[in-house]
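Asker: My structure file work12.csv, CSV, C-alpha atoms and all ligand atoms, is below:
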```csv
chain,number,residue,atom,x,y,z
A,27,MET,CA,-64.7,44.7,45.9
A,28,THR,CA,-61.0,45.0,46.2
A,29,THR,CA,-58.7,48.0,46.4
A,30,PRO,CA,-55.9,48.3,43.9
A,31,PRO,CA,-52.4,48.8,45.2
A,32,ARG,CA,-51.1,52.3,46.0
A,33,ARG,CA,-53.9,54.3,44.4
A,34,ARG,CA,-54.3,57.5,46.3
A,35,LEU,CA,-57.7,59.3,46.1
A,36,VAL,CA,-56.4,62.8,46.6
A,37,PRO,CA,-53.7,64.0,44.2
A,38,ALA,CA,-50.5,64.9,46.0
A,39,TYR,CA,-50.5,68.4,44.7
A,40,LEU,CA,-53.8,69.0,46.4
A,41,ALA,CA,-52.7,67.3,49.6
A,42,THR,CA,-49.4,69.2,49.8
A,43,HIS,CA,-50.4,72.6,48.5
A,44,GLY,CA,-53.5,72.9,50.6
A,45,ARG,CA,-55.9,73.7,47.8
A,46,THR,CA,-59.0,71.7,48.7
A,47,ALA,CA,-62.0,71.4,46.4
A,48,ALA,CA,-65.2,72.9,47.8
A,49,ALA,CA,-67.7,70.6,49.4
A,50,GLY,CA,-69.5,68.6,46.8
A,51,THR,CA,-66.9,69.1,44.1
A,52,ARG,CA,-64.3,66.4,43.3
A,53,PRO,CA,-60.6,66.7,43.8
A,54,LEU,CA,-58.9,67.7,40.6
A,55,ASP,CA,-56.6,65.4,38.7
A,56,ARG,CA,-55.0,65.5,35.3
A,57,LEU,CA,-57.8,63.3,34.0
A,58,SER,CA,-60.7,65.1,35.7
A,59,VAL,CA,-63.3,65.8,33.0
A,60,LEU,CA,-64.2,69.5,32.7
A,61,HIS,CA,-67.3,70.9,31.1
A,62,ALA,CA,-68.8,74.3,31.4
A,63,ALA,CA,-72.0,74.1,33.5
A,64,ALA,CA,-73.5,77.5,33.6
A,65,ASP,CA,-72.7,81.1,32.6
A,66,LEU,CA,-69.4,82.5,33.5
A,67,PRO,CA,-69.9,84.4,36.8
A,68,ALA,CA,-69.5,88.2,36.4
A,69,GLY,CA,-66.1,89.5,37.3
A,70,LEU,CA,-64.1,86.5,36.0
A,71,GLY,CA,-62.0,87.1,33.0
A,72,GLY,CA,-58.6,86.3,31.7
A,73,GLU,CA,-57.6,82.7,32.1
A,74,HIS,CA,-60.8,81.8,33.9
A,75,ARG,CA,-62.7,82.9,30.8
A,76,GLN,CA,-60.4,81.1,28.5
A,77,LEU,CA,-60.8,77.8,30.3
A,78,TRP,CA,-64.5,78.2,30.6
A,79,GLU,CA,-64.9,79.0,26.9
A,80,LEU,CA,-62.6,76.1,25.9
A,81,VAL,CA,-64.9,73.6,27.6
A,82,ARG,CA,-68.2,75.1,26.7
A,83,PRO,CA,-68.7,73.2,23.4
A,84,GLY,CA,-67.7,69.9,24.9
A,85,ALA,CA,-65.8,68.1,27.7
A,86,LEU,CA,-62.0,67.9,28.0
A,87,THR,CA,-59.7,66.5,30.6
A,88,LEU,CA,-57.8,69.0,32.8
A,89,ALA,CA,-54.5,67.9,31.1
A,90,GLU,CA,-55.9,68.5,27.6
A,91,ALA,CA,-57.3,71.9,28.7
A,92,ALA,CA,-53.9,72.9,30.1
A,93,ALA,CA,-52.2,71.9,26.8
A,94,HIS,CA,-54.6,73.8,24.7
A,95,LEU,CA,-54.4,76.9,26.9
A,96,ARG,CA,-50.6,76.5,27.2
A,97,LEU,CA,-50.9,76.8,30.9
A,98,PRO,CA,-49.1,74.7,33.6
A,99,VAL,CA,-51.2,71.9,34.9
A,100,SER,CA,-50.9,73.3,38.4
A,101,ALA,CA,-52.3,76.7,37.3
A,102,THR,CA,-55.1,75.0,35.4
A,103,VAL,CA,-56.0,73.1,38.6
A,104,PHE,CA,-56.4,76.4,40.5
A,105,ILE,CA,-58.5,78.0,37.8
A,106,ALA,CA,-60.7,75.0,37.4
A,107,ALA,CA,-61.3,74.8,41.1
A,108,ASP,CA,-62.3,78.4,41.2
A,109,LEU,CA,-64.8,77.9,38.4
A,110,ALA,CA,-66.2,74.7,39.9
A,111,GLU,CA,-66.6,76.4,43.3
A,112,ARG,CA,-68.8,79.0,41.6
A,113,GLY,CA,-70.8,76.5,39.8
A,114,ALA,CA,-69.6,77.5,36.3
A,115,LEU,CA,-67.8,74.2,35.7
A,116,SER,CA,-68.8,70.6,36.1
A,117,VAL,CA,-66.0,68.3,37.1
A,118,ARG,CA,-66.3,64.5,37.0
A,119,ALA,CA,-63.8,61.9,38.0
A,120,PRO,CA,-62.0,59.8,35.3
A,121,ILE,CA,-64.0,56.7,36.3
A,122,PRO,CA,-67.6,58.1,36.7
A,123,SER,CA,-68.7,55.6,39.3
A,124,ALA,CA,-65.5,56.4,41.3
A,125,GLN,CA,-64.9,52.7,41.5
A,126,PRO,CA,-61.2,51.6,41.6
A,127,VAL,CA,-59.8,49.8,38.6
A,128,ASN,CA,-60.9,46.2,38.9
A,129,ARG,CA,-60.8,43.1,36.8
A,130,ASP,CA,-64.0,43.8,35.0
A,131,LEU,CA,-62.8,47.2,33.8
A,132,ALA,CA,-59.4,45.8,32.8
A,133,GLU,CA,-61.1,43.0,30.8
A,134,ARG,CA,-63.3,45.5,29.0
A,135,LEU,CA,-60.2,47.6,28.2
A,136,LEU,CA,-58.4,44.6,26.9
A,137,SER,CA,-61.3,43.6,24.6
A,138,GLY,CA,-61.5,47.3,23.4
A,139,LEU,CA,-57.8,47.1,22.5
A,140,ARG,CA,-58.2,43.8,20.7
A,141,ALA,CA,-61.0,45.2,18.6
A,142,LEU,CA,-58.5,47.8,17.2
A,143,LYS,CA,-56.7,45.0,15.3
B,5,MET,CA,-54.7,47.1,9.5
B,6,ASP,CA,-56.5,50.4,9.5
B,7,PHE,CA,-54.4,53.4,10.5
B,8,ALA,CA,-57.4,55.8,10.8
B,9,PRO,CA,-59.6,55.8,13.9
B,10,SER,CA,-62.5,53.4,13.4
B,11,SER,CA,-65.6,54.9,11.8
B,12,SER,CA,-67.5,54.7,15.0
B,13,ASN,CA,-64.8,56.7,16.8
B,14,ALA,CA,-64.7,59.3,14.0
B,15,ALA,CA,-68.4,59.8,14.3
B,16,LEU,CA,-68.1,60.3,18.0
B,17,LEU,CA,-65.3,62.6,17.8
B,18,GLY,CA,-66.4,64.7,14.9
B,19,ASP,CA,-64.2,66.4,12.4
B,20,GLY,CA,-63.1,69.7,13.9
B,21,PRO,CA,-60.9,72.1,12.1
B,22,ALA,CA,-57.1,71.6,12.7
B,23,GLY,CA,-56.0,72.9,16.0
B,24,ALA,CA,-59.5,72.9,17.5
B,25,PRO,CA,-59.9,70.8,20.6
B,26,ALA,CA,-61.1,67.2,20.0
B,27,TYR,CA,-63.8,67.0,22.7
B,28,LEU,CA,-64.5,63.8,24.5
B,29,PRO,CA,-67.3,61.7,23.1
B,30,PRO,CA,-70.6,62.4,24.8
B,31,THR,CA,-70.8,58.9,26.1
B,32,ASP,CA,-69.4,59.6,29.6
B,33,PRO,CA,-66.4,57.3,29.0
B,34,ILE,CA,-64.3,55.8,31.6
B,35,LEU,CA,-60.9,57.4,31.4
B,36,MET,CA,-57.7,55.3,31.9
B,37,LYS,CA,-54.1,56.2,31.8
B,38,LEU,CA,-51.0,54.3,30.8
B,39,MET,CA,-47.4,55.7,31.0
B,40,VAL,CA,-45.0,55.4,28.2
B,41,THR,CA,-41.4,55.9,29.4
B,42,GLY,CA,-37.8,55.2,28.7
B,43,PRO,CA,-34.6,57.2,27.9
B,44,PHE,CA,-34.4,60.2,25.6
B,45,GLY,CA,-34.6,59.4,22.0
B,46,VAL,CA,-36.0,55.9,22.4
B,47,GLY,CA,-39.3,56.6,20.6
B,48,LYS,CA,-41.8,57.7,23.3
B,49,THR,CA,-43.2,60.6,21.4
B,50,THR,CA,-43.3,58.6,18.2
B,51,PHE,CA,-45.2,55.8,20.0
B,52,VAL,CA,-47.8,58.1,21.4
B,53,ARG,CA,-48.2,59.9,18.1
B,54,THR,CA,-48.6,56.6,16.3
B,55,LEU,CA,-51.5,55.5,18.5
B,56,SER,CA,-53.2,58.7,19.3
B,57,GLU,CA,-56.5,59.6,17.5
B,58,ILE,CA,-55.9,63.3,18.3
B,59,PRO,CA,-52.9,65.4,17.5
B,60,THR,CA,-50.6,64.7,20.4
B,61,LEU,CA,-50.7,67.4,23.1
B,62,HIS,CA,-47.8,68.6,25.1
B,63,THR,CA,-47.3,70.1,28.6
B,64,GLU,CA,-44.2,71.2,30.4
B,65,GLU,CA,-44.2,70.2,34.0
B,66,THR,CA,-42.0,72.0,36.4
B,67,MET,CA,-40.0,70.7,39.2
B,68,THR,CA,-37.8,72.7,41.6
B,69,ALA,CA,-34.1,71.8,42.1
B,70,ALA,CA,-35.1,70.1,45.3
B,71,GLY,CA,-37.3,67.8,43.3
B,72,ALA,CA,-40.7,68.8,44.4
B,73,PRO,CA,-43.4,69.6,41.9
B,74,VAL,CA,-44.2,73.3,42.1
B,75,ASP,CA,-47.5,75.0,41.6
B,76,ASP,CA,-46.1,77.9,39.7
B,77,VAL,CA,-42.5,78.8,39.0
B,78,SER,CA,-43.4,82.5,39.1
B,79,ARG,CA,-44.2,82.2,42.8
B,80,THR,CA,-40.7,80.9,43.6
B,81,PRO,CA,-38.4,83.3,41.8
B,82,GLY,CA,-34.8,82.5,42.0
B,83,LYS,CA,-35.3,78.8,42.4
B,84,THR,CA,-33.9,76.7,39.6
B,85,ALA,CA,-36.6,74.6,38.1
B,86,THR,CA,-36.3,71.6,35.8
B,87,THR,CA,-38.9,71.2,33.1
B,88,VAL,CA,-40.1,67.8,32.1
B,89,ALA,CA,-41.9,67.5,28.8
B,90,VAL,CA,-45.0,65.3,28.8
B,91,ASP,CA,-46.6,64.2,25.5
B,92,PHE,CA,-50.0,62.8,25.6
B,93,GLY,CA,-52.4,61.2,23.3
B,94,ARG,CA,-55.8,59.6,23.4
B,95,LEU,CA,-57.5,56.5,22.1
B,96,THR,CA,-61.3,55.9,22.2
B,97,LEU,CA,-62.2,52.3,22.6
B,98,ALA,CA,-65.3,50.1,22.8
B,99,ASP,CA,-67.6,52.6,20.9
B,100,GLY,CA,-66.9,55.3,23.4
B,101,ASP,CA,-67.1,53.3,26.7
B,102,PHE,CA,-63.4,53.9,27.3
B,103,VAL,CA,-60.9,56.6,26.5
B,104,LEU,CA,-57.3,55.5,27.1
B,105,TYR,CA,-54.7,58.3,27.7
B,106,LEU,CA,-51.1,57.6,26.9
B,107,PHE,CA,-48.6,59.8,28.8
B,108,GLY,CA,-45.2,59.9,27.3
B,109,THR,CA,-42.6,61.0,29.9
B,110,PRO,CA,-38.9,60.8,30.2
B,111,GLY,CA,-37.6,58.1,32.5
B,112,GLN,CA,-34.7,59.8,34.3
B,113,ARG,CA,-34.4,58.9,38.0
B,114,ARG,CA,-34.1,62.6,39.0
B,115,PHE,CA,-37.7,63.1,37.9
B,116,LEU,CA,-39.0,60.7,40.5
B,117,PRO,CA,-41.3,63.1,42.5
B,118,LEU,CA,-42.9,64.5,39.4
B,119,TRP,CA,-43.0,61.1,37.8
B,120,GLU,CA,-45.0,59.7,40.7
B,121,ASP,CA,-47.4,62.6,40.5
B,122,LEU,CA,-47.9,62.1,36.8
B,123,ALA,CA,-48.3,58.3,37.2
B,124,ARG,CA,-50.8,58.5,40.0
B,125,GLY,CA,-53.9,56.5,39.0
B,126,ALA,CA,-52.2,55.0,35.9
B,127,LEU,CA,-52.9,51.3,35.3
B,128,GLY,CA,-49.4,50.5,34.2
B,129,ALA,CA,-46.4,51.6,32.1
B,130,LEU,CA,-44.7,50.6,28.9
B,131,VAL,CA,-40.9,51.0,29.0
B,132,LEU,CA,-39.3,51.5,25.6
B,133,VAL,CA,-35.7,50.3,25.2
B,134,ASP,CA,-33.1,50.6,22.6
B,135,THR,CA,-31.0,47.4,22.5
B,136,ARG,CA,-27.8,49.5,21.6
B,137,ARG,CA,-28.0,51.1,25.1
B,138,LEU,CA,-30.0,48.8,27.3
B,139,ALA,CA,-28.6,50.1,30.5
B,140,ASP,CA,-30.3,53.5,29.8
B,141,ALA,CA,-33.6,51.8,30.6
B,142,PHE,CA,-32.7,51.0,34.2
B,143,ASP,CA,-33.7,54.5,35.5
B,144,ALA,CA,-37.2,54.1,34.0
B,145,MET,CA,-37.6,50.6,35.4
B,146,ASP,CA,-36.6,51.9,38.8
B,147,LEU,CA,-39.1,54.8,38.6
B,148,ILE,CA,-41.9,52.5,37.7
B,149,GLU,CA,-41.1,50.0,40.4
B,150,GLU,CA,-41.0,52.8,43.0
B,151,ALA,CA,-44.4,54.0,41.7
B,152,GLY,CA,-45.7,50.5,42.2
B,153,LEU,CA,-46.9,50.1,38.6
B,154,PRO,CA,-47.1,46.9,36.6
B,155,TYR,CA,-45.1,47.3,33.4
B,156,THR,CA,-44.1,45.7,30.1
B,157,VAL,CA,-40.9,46.3,28.2
B,158,ALA,CA,-40.9,47.0,24.5
B,159,VAL,CA,-37.8,46.9,22.3
B,160,ASN,CA,-38.0,49.7,19.7
B,161,ARG,CA,-36.1,48.5,16.7
B,162,PHE,CA,-34.1,51.0,14.7
B,163,PRO,CA,-32.7,50.3,11.2
B,164,ASP,CA,-29.1,50.0,12.5
B,165,THR,CA,-30.1,47.9,15.5
B,166,PRO,CA,-27.9,44.8,15.5
B,167,PRO,CA,-30.0,41.6,15.9
B,168,ILE,CA,-30.4,40.5,19.5
B,169,ALA,CA,-32.6,37.8,20.8
B,170,LEU,CA,-35.3,38.8,23.2
B,171,ASP,CA,-34.0,36.2,25.7
B,172,ALA,CA,-30.7,38.1,25.8
B,173,VAL,CA,-32.6,41.4,26.4
B,174,ARG,CA,-34.6,39.8,29.2
B,175,ALA,CA,-31.4,38.6,30.8
B,176,ALA,CA,-29.5,41.9,30.4
B,177,LEU,CA,-32.5,43.8,31.9
B,178,ASP,CA,-32.9,41.2,34.6
B,179,LEU,CA,-36.6,41.1,34.0
B,180,ASP,CA,-39.0,39.2,36.2
B,181,PRO,CA,-40.1,36.1,34.3
B,182,ALA,CA,-43.7,37.4,34.5
B,183,THR,CA,-42.9,40.8,32.9
B,184,PRO,CA,-43.9,40.8,29.3
B,185,LEU,CA,-41.2,41.7,26.7
B,186,VAL,CA,-42.3,42.6,23.2
B,187,GLU,CA,-40.7,44.1,20.1
B,188,LEU,CA,-42.1,46.9,17.9
B,189,ASP,CA,-41.4,49.7,15.6
B,190,ALA,CA,-42.8,52.8,17.2
B,191,ARG,CA,-43.9,54.2,13.8
B,192,VAL,CA,-46.1,51.2,13.1
B,193,ARG,CA,-49.5,51.0,14.7
B,194,GLU,CA,-50.0,47.2,14.8
B,195,GLY,CA,-47.0,46.4,17.0
B,196,CYS,CA,-47.9,49.4,19.2
B,197,VAL,CA,-51.4,48.1,19.7
B,198,ASP,CA,-49.9,44.7,20.5
B,199,ALA,CA,-47.7,46.2,23.2
B,200,LEU,CA,-50.7,47.9,24.8
B,201,ILE,CA,-52.5,44.5,24.7
B,202,ALA,CA,-49.6,42.8,26.4
B,203,LEU,CA,-49.4,45.5,29.1
B,204,THR,CA,-53.1,45.4,29.8
B,205,GLN,CA,-53.1,41.6,30.0
B,206,HIS,CA,-50.3,41.9,32.5
B,207,VAL,CA,-52.2,44.5,34.5
B,208,LEU,CA,-55.2,42.2,34.5
B,209,ASP,CA,-53.1,39.2,35.6
B,210,ARG,CA,-51.9,41.2,38.6
B,211,LEU,CA,-55.3,42.4,39.7
B,212,PRO,CA,-56.8,40.3,42.5
B,213,GLN,CA,-59.7,38.0,41.7
B,214,GLU,CA,-63.0,39.6,42.9
B,215,SER,CA,-64.5,37.8,45.9
B,216,ALA,CA,-68.0,36.6,45.4
B,217,PRO,CA,-70.6,39.2,46.5
C,301,LIG,N1,-36.3,53.9,12.5
C,301,LIG,C1,-37.0,54.2,13.5
C,301,LIG,N2,-36.9,55.5,14.0
C,301,LIG,C2,-37.6,55.8,15.1
C,301,LIG,C3,-38.4,54.8,15.8
C,301,LIG,N3,-39.0,55.4,16.8
C,301,LIG,C4,-38.5,56.7,16.9
C,301,LIG,N4,-37.7,56.9,15.8
C,301,LIG,C5,-37.0,58.2,15.6
C,301,LIG,O1,-36.1,58.4,16.7
C,301,LIG,C6,-36.1,59.7,17.1
C,301,LIG,C7,-36.4,59.9,18.5
C,301,LIG,O2,-37.8,59.5,18.7
C,301,LIG,P1,-38.7,60.2,19.8
C,301,LIG,O3,-40.1,59.6,19.6
C,301,LIG,O4,-38.7,61.7,19.6
C,301,LIG,O5,-38.1,59.8,21.1
C,301,LIG,P2,-38.4,60.2,22.6
C,301,LIG,O6,-37.3,61.1,23.0
C,301,LIG,O7,-38.3,59.0,23.4
C,301,LIG,O8,-39.7,60.9,22.7
C,301,LIG,C8,-37.0,60.5,16.1
C,301,LIG,O9,-36.2,61.0,15.1
C,301,LIG,C9,-37.9,59.4,15.6
C,301,LIG,O10,-38.4,59.7,14.3
C,301,LIG,C10,-38.5,53.5,15.2
C,301,LIG,O11,-39.2,52.6,15.7
C,301,LIG,N5,-37.7,53.3,14.1
C,302,MG,MG,-40.1,62.9,23.3
```
Let me see whether you can do it: turn the structure in this file into structure tokens.
Answerer:
Amino acid sequence: MTTPPRRRLVPAYLATHGRTAAAGTRPLDRLSVLHAAADLPAGLGGEHRQLWELVRPGALTLAEAAAHLRLPVSATVFIAADLAERGALSVRAPIPSAQPVNRDLAERLLSGLRALK
Amino acid sequence: MDFAPSSSNAALLGDGPAGAPAYLPPTDPILMKLMVTGPFGVGKTTFVRTLSEIPTLHTEETMTAAGAPVDDVSRTPGKTATTVAVDFGRLTLADGDFVLYLFGTPGQRRFLPLWEDLARGALGALVLVDTRRLADAFDAMDLIEEAGLPYTVAVNRFPDTPPIALDAVRAALDLDPATPLVELDARVREGCVDALIALTQHVLDRLPQESAP
């Protein structure tokens, strides 16, 4: 297995702004997949509730959730991290197995694109 | 050429009411990201809209005058902030095995810190160029090279674009011989798909061969 060039595992905004995801949860990225996992914990309202309700019927990426809620991506990262810490939100990485992009994935992507024609 | 999403995609995505979120297919897809960049007015938003299976989404990303991405402008009152618009769209492939995200972002050099943040994890970038003002694309090419992404250049043809040979464009942009150069109309799906194929092939060519296990 090879590592791709210059691919950081921790998004810079997490590294630089000190918001670390709780143990067992993944760092949040624009393409992190968010899905409501449990009931909304008591006492959380406002934007927390809006995000949680948005991803209750199905999964969306963090960037899509931010766009639907008209919130900055950075604010959505904070809200999602809060919800994930409390177990109300499941978060998965863009590539489920957490493997880096490799030739096999790129080849499958290429054939997927060719099939559009 | 079919302009609608394939029937399998439509089934996976459902037909929600307009404005309702288009949820990801329940197939645990692998998500990948490609950047679409270039100067203002070159057709980035149009390109993303042409290919996206969902109504394109829009975020405004904020950067302080110092250039750093900020968490929340409201926390740094008084600081001048630049807003960078990001348009993004999505394309489900291979019966839901993959979802490809297209991030359309302006390619001005002063957006570098934010651009690198946006591009993190991207497979590659497509640079759209207008042959009437080729030099405007240099900023975007610099940004991509600094971010270390493989890229492909696409000439977006406008009705009043004077004819110019791709070889002349390649020379004017001083492209590496290995960098693909294609031509498209950002409003027409087929050429846009071809541009993504050329870019993905280029990404693949640059990935190291896997060593035997
Ligand atoms: N004729 C023609 N017009 C285009 C094409 N691509 C974009 N446009 C138009 O050019 C203008 C700028 O395009 P836009 O996608 O907003 O550019 P952006 O600033 O790079 O996002 C819009 O009015 C588009 O309708 C193209 O391929 N052909
Ligand atoms: Mg635009």
Asker: Please give me, as number ranges by chain, the residues lying within 9 Å of ligand MG 302 (chain C) when counting only C-alpha atoms and all ligand atoms.
Answerer: B: 44-50, 89-91, 108-110
Asker: Give the residues close to ligand LIG 301 (chain C), within 12 Å, counting only C-alpha atoms and all ligand atoms; write them as a PyMOL selection string.
Answerer: chain B and resi 40-54+60+62+88-92+107-112+130-135+140-141+144+158-165+187-193+195-196
Asker: Taking all atoms listed in the file into account, what are the residues of chain A at most 6 Å from chain B, put as a PDB file with C-alpha atoms, in the frame of the given file?
Answerer:
```
ATOM      1  CA  ARG A  33     -53.900  54.300  44.400  1.00  0.00           C
ATOM      2  CA  GLY A  84     -67.700  69.900  24.900  1.00  0.00           C
ATOM      3  CA  ALA A  85     -65.800  68.100  27.700  1.00  0.00           C
ATOM      4  CA  LEU A  86     -62.000  67.900  28.000  1.00  0.00           C
ATOM      5  CA  ALA A  93     -52.200  71.900  26.800  1.00  0.00           C
ATOM      6  CA  SER A 100     -50.900  73.300  38.400  1.00  0.00           C
ATOM      7  CA  PRO A 120     -62.000  59.800  35.300  1.00  0.00           C
ATOM      8  CA  ILE A 121     -64.000  56.700  36.300  1.00  0.00           C
ATOM      9  CA  ALA A 132     -59.400  45.800  32.800  1.00  0.00           C
ATOM     10  CA  GLY A 138     -61.500  47.300  23.400  1.00  0.00           C
TER      11      GLY A 138
END
```
Asker: Expressed in Å to a single decimal, how great is the separation between CA of Asp180 in chain B and CA of Pro166 in chain B?
Answerer: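 Separation between CA of Asp180 in chain B and CA of Pro166 in chain B: 24.1 Å.
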Asker: As an exercise, work out the distance from CA of Thr86 in chain B to CA of Ile58 in chain B in Å and give it to one decimal place.
Answerer: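 Value for the CA of Thr86 in chain B-CA of Ile58 in chain B distance: 27.6 Å.
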Asker: CA of Asp143 in chain B and CA of Pro181 in chain B, how far apart in Å?
Answerer: 19.5 Å
Asker: Got a sec: who's within 10 Å of range 67-72 of chain A, counting all atoms listed in the file, leaving out chain neighbours fewer than 5 positions off, as an mmCIF file with C-alpha atoms, in the coordinates of the input?
Answerer:
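Final file, selection_7.cif:
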```cif
data_model
loop_
_atom_site.group_PDB
_atom_site.id
_atom_site.type_symbol
_atom_site.label_atom_id
_atom_site.label_comp_id
_atom_site.auth_asym_id
_atom_site.auth_seq_id
_atom_site.Cartn_x
_atom_site.Cartn_y
_atom_site.Cartn_z
ATOM 1 C CA LEU A 77 -60.800 77.800 30.300
ATOM 2 C CA TRP A 78 -64.500 78.200 30.600
ATOM 3 C CA ASP A 108 -62.300 78.400 41.200
ATOM 4 C CA LEU A 109 -64.800 77.900 38.400
ATOM 5 C CA ARG A 112 -68.800 79.000 41.600
ATOM 6 C CA GLY A 113 -70.800 76.500 39.800
ATOM 7 C CA ALA A 114 -69.600 77.500 36.300
#
```
Asker: Have a look at A:Asp65, A:Ala110, A:Leu60, A:Glu133 and name the one nearest to Leu80 in chain A; count only C-alpha atoms.
Answerer: A:Leu60
